[in-house]
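Trainee: I am attaching a structure below and will ask some questions about it afterwards.
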Amino acid sequence: MSAKDIDFNNLGFSYIKTDLRYISYWKDGKWDDGQLTEDNVLHISEGSPSLHYGQQSFEGLKAYRCKDGSINLFRPDKNAERMQASCDRLLMPEVPTDVFVEACKQVVKANEAYLPPYGTGGSLYLRPFIIGTGDNIGVNAAREYIFSIFCMPVGPYFKGGMTPHNFVVSSYDRAAPNGTGAAKVGGNYAASLLAGKEARERKFSDAIYLDPATHTLIEEVGAANFFGITEDDEFVTPLSPSILPSITKYSLLYLAEHRLGLKATEGLVPIDGLEQFKEAGACGTAAVITPIGGIQNGDDFHVFYSETEVGPITTKLYDELVGIQYGDVMAPDGWIFKV
């Protein structure tokens with residue numbers, strides 16, 4: 001689709017082929033220099049470990065058009081660090097932070113025509129990924145790898161945008177105890193597909209996953225992180241070795257404390273203790289902040305602030321975060337990279 005044919009005011013969250021993407025190959029113990037290419041089709045061996053054994057990792061981050069016409073990347077260095085951690089977990093070579101950030105900038109510059117204008121609420125979503133490739137059949141780490149970044153214009157992840165959504169607790173686990181839950185790898189998401197499908201069939205936005213060891217603690221909300229605001233104005237997010245360390249979550253923890261004056265903590269969030277929260281939400285790069293209207297847990301349906309209105313603290317957090325991303329609010333030092 002040509003950029004001139006896109007209705008930037010009515011974007012969803014779906015694949016749109018843009019003009020150029022970055023690709024780099026790892027072989028003989030090192031990455032090549034990388035380049036931009038028009039080809040959006042990967043050519044890999046049928047024996048690639050990424051296909052058979054899930055040796056792959058991906059990231060997600062966004063570029064934003066500011067009111068003055070400049071372009072912001074939001075904390076791409078943190079995405080680079082998280083991908084490095086995922087690569088270490090799956091025995092894949094790391095991409096250096098400076099290479100990762102520069103590649104992101106190249107992709108944004110090359111596809112600037114697809115960047116939604118300021119005021120539309122859209123952004124340019126970047127999807128960096130690494131996959132193990134090469135001829136292989138045994139359960140081994142790959143000997144060759146591809147690192148690539150593509151992008152597309154997107155709107156809200158959940159239809160309706162900044163409106164409350166309801167979720168249902170799943171009986172499935174998205175990751176095993178001491179498994180790959182803290183790494184951003186495809187297997188975690190494949191494991192969530194059935195639970196998500198069943199949740200939507202029941203008219204919920206997505207599934208909520210409990211800790212895999214005891215099934216008593218909230219861990220993740222679909223592909224996003226959970227947060228709650230207590231009656232004492234404390235911002236709380238789950239602490240667990242099997243959930244993804246969300247860059248959005250850690251940004252909100254900082255903003256809740258330093259901009260809103262709340263106590264901000266990571267801690268245990270029992271599923272039977274929802275009454276402590278007057279507001280709740282899901283957060284992540286794709287979802288940004290999605291207010292949670294209510295959670296279905298077995299026969300119990302717990303409503304937080306409202307099923308139709310967004311709570312005041314959630315609204316302030318959203319405005320602060322999005323304002324920083326679009327350049328309307330002063331960012332903490334080091335959070336914004338200009339393209």
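Every chain in the structure tokens has a letter given in the order shown (A, B, ...), and although residue numbers restart at 1 in each chain, ligands are simply numbered from 1 in the order shown.
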Please provide the set of residues having any atom within 12 Å of Met83 in chain A, restricted to only C-alpha atoms, with same-chain residues fewer than 6 positions apart removed, written as a ChimeraX atom specification.
Mentor: /A:56-61,76-77,89-97,100-101,127-131,147,182-185,244-247
Trainee: Give me a file of those residues, with C-alpha atoms, as a CSV table (one decimal), in the first residue's frame.
Mentor:
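Output (again_1.csv):
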chain,number,residue,atom,x,y,z
A,56,GLN,CA,14.3,-16.6,17.7
A,57,SER,CA,13.5,-13.3,19.5
A,58,PHE,CA,11.7,-10.1,18.6
A,59,GLU,CA,11.1,-6.6,19.9
A,60,GLY,CA,8.5,-3.8,19.4
A,61,LEU,CA,9.0,-0.1,19.7
A,76,PRO,CA,15.2,2.2,21.8
A,77,ASP,CA,18.3,1.5,23.9
A,89,ARG,CA,18.8,-17.0,27.0
A,90,LEU,CA,18.5,-18.6,23.6
A,91,LEU,CA,22.2,-18.8,22.8
A,92,MET,CA,22.0,-16.3,19.9
A,93,PRO,CA,24.6,-13.5,19.2
A,94,GLU,CA,23.8,-10.1,20.6
A,95,VAL,CA,23.3,-7.0,18.4
A,96,PRO,CA,25.3,-4.1,20.0
A,97,THR,CA,23.1,-1.3,21.3
A,100,PHE,CA,20.4,-1.6,17.0
A,101,VAL,CA,19.6,2.1,17.6
A,127,ARG,CA,9.5,-4.8,14.7
A,128,PRO,CA,13.2,-5.9,15.2
A,129,PHE,CA,13.8,-9.6,15.2
A,130,ILE,CA,16.6,-12.2,15.2
A,131,ILE,CA,16.2,-15.8,13.9
A,147,PHE,CA,18.7,-9.6,12.3
A,182,ALA,CA,11.2,-13.1,30.8
A,183,ALA,CA,12.5,-13.4,27.3
A,184,LYS,CA,10.7,-11.9,24.3
A,185,VAL,CA,10.5,-15.1,22.3
A,244,LEU,CA,8.4,-9.9,30.3
A,245,PRO,CA,10.2,-6.9,31.7
A,246,SER,CA,8.1,-4.3,29.9
A,247,ILE,CA,9.8,-1.0,29.0
Trainee: Residues near Glu144 in chain A, anyone? I mean within 9 Å using only C-alpha atoms, not counting same-chain ones fewer than 5 positions away, as a PyMOL selection string.
Mentor: chain A and resi 25-29+48+131-135
Trainee: Interatomic distance between CA of Ser306 in chain A and CA of Thr230 in chain A?
Mentor: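 Taking CA of Ser306 in chain A and CA of Thr230 in chain A, their separation equals 14.7 Å.
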Trainee: Mind checking which residues fall within 8 Å of range 163-180 of chain A, counting only C-alpha atoms, ignoring those fewer than 5 positions away in the same chain, and posting them as a short mmCIF file (atom, residue, chain, number, x, y, z; two decimals) with N, CA, C and O atoms, in the first residue's frame?
Mentor:
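And here's selection.cif as it stands now:
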data_model
loop_
_atom_site.label_atom_id
_atom_site.label_comp_id
_atom_site.auth_asym_id
_atom_site.auth_seq_id
_atom_site.Cartn_x
_atom_site.Cartn_y
_atom_site.Cartn_z
N ARG A 89 19.59 -15.83 26.52
CA ARG A 89 18.78 -16.96 27.00
C ARG A 89 18.67 -18.06 25.97
O ARG A 89 18.57 -19.25 26.29
N VAL A 185 10.33 -14.03 23.27
CA VAL A 185 10.50 -15.07 22.25
C VAL A 185 9.14 -15.57 21.80
O VAL A 185 8.15 -15.55 22.55
N ASN A 188 6.46 -18.03 23.71
CA ASN A 188 5.55 -17.52 24.74
C ASN A 188 4.24 -17.05 24.12
O ASN A 188 3.17 -17.20 24.73
N TYR A 189 4.33 -16.48 22.95
CA TYR A 189 3.15 -15.92 22.30
C TYR A 189 2.33 -17.03 21.62
O TYR A 189 1.10 -16.98 21.61
N ALA A 191 2.06 -19.94 22.77
CA ALA A 191 1.37 -20.59 23.89
C ALA A 191 0.14 -19.82 24.32
O ALA A 191 -0.75 -20.37 24.98
N SER A 192 0.05 -18.54 23.96
CA SER A 192 -1.07 -17.70 24.40
C SER A 192 -2.22 -17.66 23.39
O SER A 192 -3.29 -17.14 23.72
N ALA A 195 -5.61 -19.45 24.49
CA ALA A 195 -6.25 -18.74 25.59
C ALA A 195 -6.88 -17.44 25.11
O ALA A 195 -8.00 -17.08 25.51
N ALA A 199 -10.86 -16.45 25.11
CA ALA A 199 -11.30 -15.24 25.80
C ALA A 199 -12.18 -14.39 24.88
O ALA A 199 -13.24 -13.90 25.30
N PHE A 204 -14.50 -11.27 25.84
CA PHE A 204 -13.49 -10.52 26.58
C PHE A 204 -12.40 -10.08 25.61
O PHE A 204 -12.21 -10.68 24.56
N SER A 205 -11.65 -9.05 25.98
CA SER A 205 -10.60 -8.54 25.10
C SER A 205 -9.42 -9.48 25.01
O SER A 205 -8.79 -9.61 23.96
N ASP A 206 -9.09 -10.17 26.11
CA ASP A 206 -7.97 -11.11 26.10
C ASP A 206 -7.97 -11.86 27.43
O ASP A 206 -8.81 -11.63 28.30
N ALA A 207 -6.97 -12.75 27.57
CA ALA A 207 -6.84 -13.57 28.77
C ALA A 207 -5.85 -12.97 29.74
O ALA A 207 -4.90 -12.27 29.34
N ILE A 208 -6.05 -13.24 31.01
CA ILE A 208 -5.09 -12.89 32.05
C ILE A 208 -4.42 -14.18 32.51
O ILE A 208 -5.09 -15.20 32.74
N TYR A 209 -3.09 -14.14 32.63
CA TYR A 209 -2.33 -15.33 33.02
C TYR A 209 -1.86 -15.20 34.46
O TYR A 209 -1.36 -14.17 34.88
N LEU A 210 -2.02 -16.29 35.20
CA LEU A 210 -1.55 -16.36 36.57
C LEU A 210 -0.17 -17.00 36.61
O LEU A 210 0.30 -17.58 35.62
N ASP A 211 0.51 -16.89 37.75
CA ASP A 211 1.85 -17.46 37.84
C ASP A 211 1.77 -18.97 37.62
O ASP A 211 0.87 -19.65 38.13
N PRO A 212 2.71 -19.53 36.85
CA PRO A 212 2.64 -20.96 36.50
C PRO A 212 2.92 -21.91 37.65
O PRO A 212 2.56 -23.08 37.57
N ALA A 213 3.50 -21.41 38.73
CA ALA A 213 3.84 -22.31 39.85
C ALA A 213 2.65 -22.56 40.77
O ALA A 213 2.39 -23.70 41.17
N VAL A 221 -1.36 -9.67 31.21
CA VAL A 221 -2.68 -9.45 30.63
C VAL A 221 -2.53 -9.59 29.13
O VAL A 221 -2.11 -8.66 28.45
N PRO A 241 9.80 -13.75 37.98
CA PRO A 241 10.87 -14.07 37.02
C PRO A 241 10.34 -14.63 35.70
O PRO A 241 11.12 -14.85 34.79
N SER A 242 9.03 -14.84 35.61
CA SER A 242 8.50 -15.44 34.38
C SER A 242 7.62 -14.49 33.57
O SER A 242 6.86 -14.92 32.72
N THR A 290 -4.10 0.31 28.41
CA THR A 290 -5.49 -0.08 28.20
C THR A 290 -6.14 -0.24 29.58
O THR A 290 -5.77 -1.14 30.33
N PRO A 291 -7.06 0.64 29.93
CA PRO A 291 -7.73 0.52 31.23
C PRO A 291 -8.49 -0.81 31.32
O PRO A 291 -9.10 -1.25 30.34
N ILE A 292 -8.45 -1.43 32.47
CA ILE A 292 -9.21 -2.65 32.70
C ILE A 292 -10.51 -2.30 33.42
O ILE A 292 -10.48 -1.75 34.53
N GLY A 293 -11.63 -2.58 32.75
CA GLY A 293 -12.92 -2.33 33.38
C GLY A 293 -13.19 -3.37 34.45
O GLY A 293 -13.51 -3.04 35.60
N GLY A 294 -13.07 -4.65 34.07
CA GLY A 294 -13.31 -5.72 35.02
C GLY A 294 -12.57 -6.98 34.65
O GLY A 294 -12.13 -7.15 33.51
N ILE A 295 -12.43 -7.87 35.63
CA ILE A 295 -11.76 -9.17 35.43
C ILE A 295 -12.71 -10.28 35.86
O ILE A 295 -13.24 -10.26 36.98
N GLN A 296 -12.90 -11.24 34.96
CA GLN A 296 -13.69 -12.43 35.26
C GLN A 296 -12.76 -13.51 35.78
O GLN A 296 -11.83 -13.93 35.11
N ASN A 297 -12.99 -13.96 37.01
CA ASN A 297 -12.18 -15.02 37.61
C ASN A 297 -13.12 -16.11 38.09
O ASN A 297 -13.75 -15.99 39.15
N GLY A 298 -13.26 -17.16 37.30
CA GLY A 298 -14.25 -18.18 37.62
C GLY A 298 -15.64 -17.60 37.53
O GLY A 298 -16.02 -17.01 36.52
N SER A 306 -14.55 1.58 36.58
CA SER A 306 -15.78 1.61 35.79
C SER A 306 -15.58 0.75 34.56
O SER A 306 -14.46 0.58 34.08
N GLU A 307 -16.67 0.21 34.03
CA GLU A 307 -16.61 -0.52 32.77
C GLU A 307 -16.73 0.41 31.56
O GLU A 307 -16.55 -0.02 30.43
N THR A 308 -17.04 1.68 31.82
CA THR A 308 -17.27 2.62 30.72
C THR A 308 -16.40 3.87 30.78
O THR A 308 -16.19 4.52 29.76
N GLU A 309 -15.86 4.20 31.96
CA GLU A 309 -15.06 5.41 32.12
C GLU A 309 -13.67 5.08 32.62
O GLU A 309 -13.48 4.10 33.35
N VAL A 310 -12.69 5.89 32.23
CA VAL A 310 -11.30 5.69 32.63
C VAL A 310 -11.03 6.43 33.94
O VAL A 310 -11.43 7.58 34.11
#
Trainee: Could you state the separation of CA of Gly311 in chain A and CA of Arg75 in chain A in Å, given to one decimal place?
Mentor: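 That distance, rounded to one decimal, is 26.5 Å.
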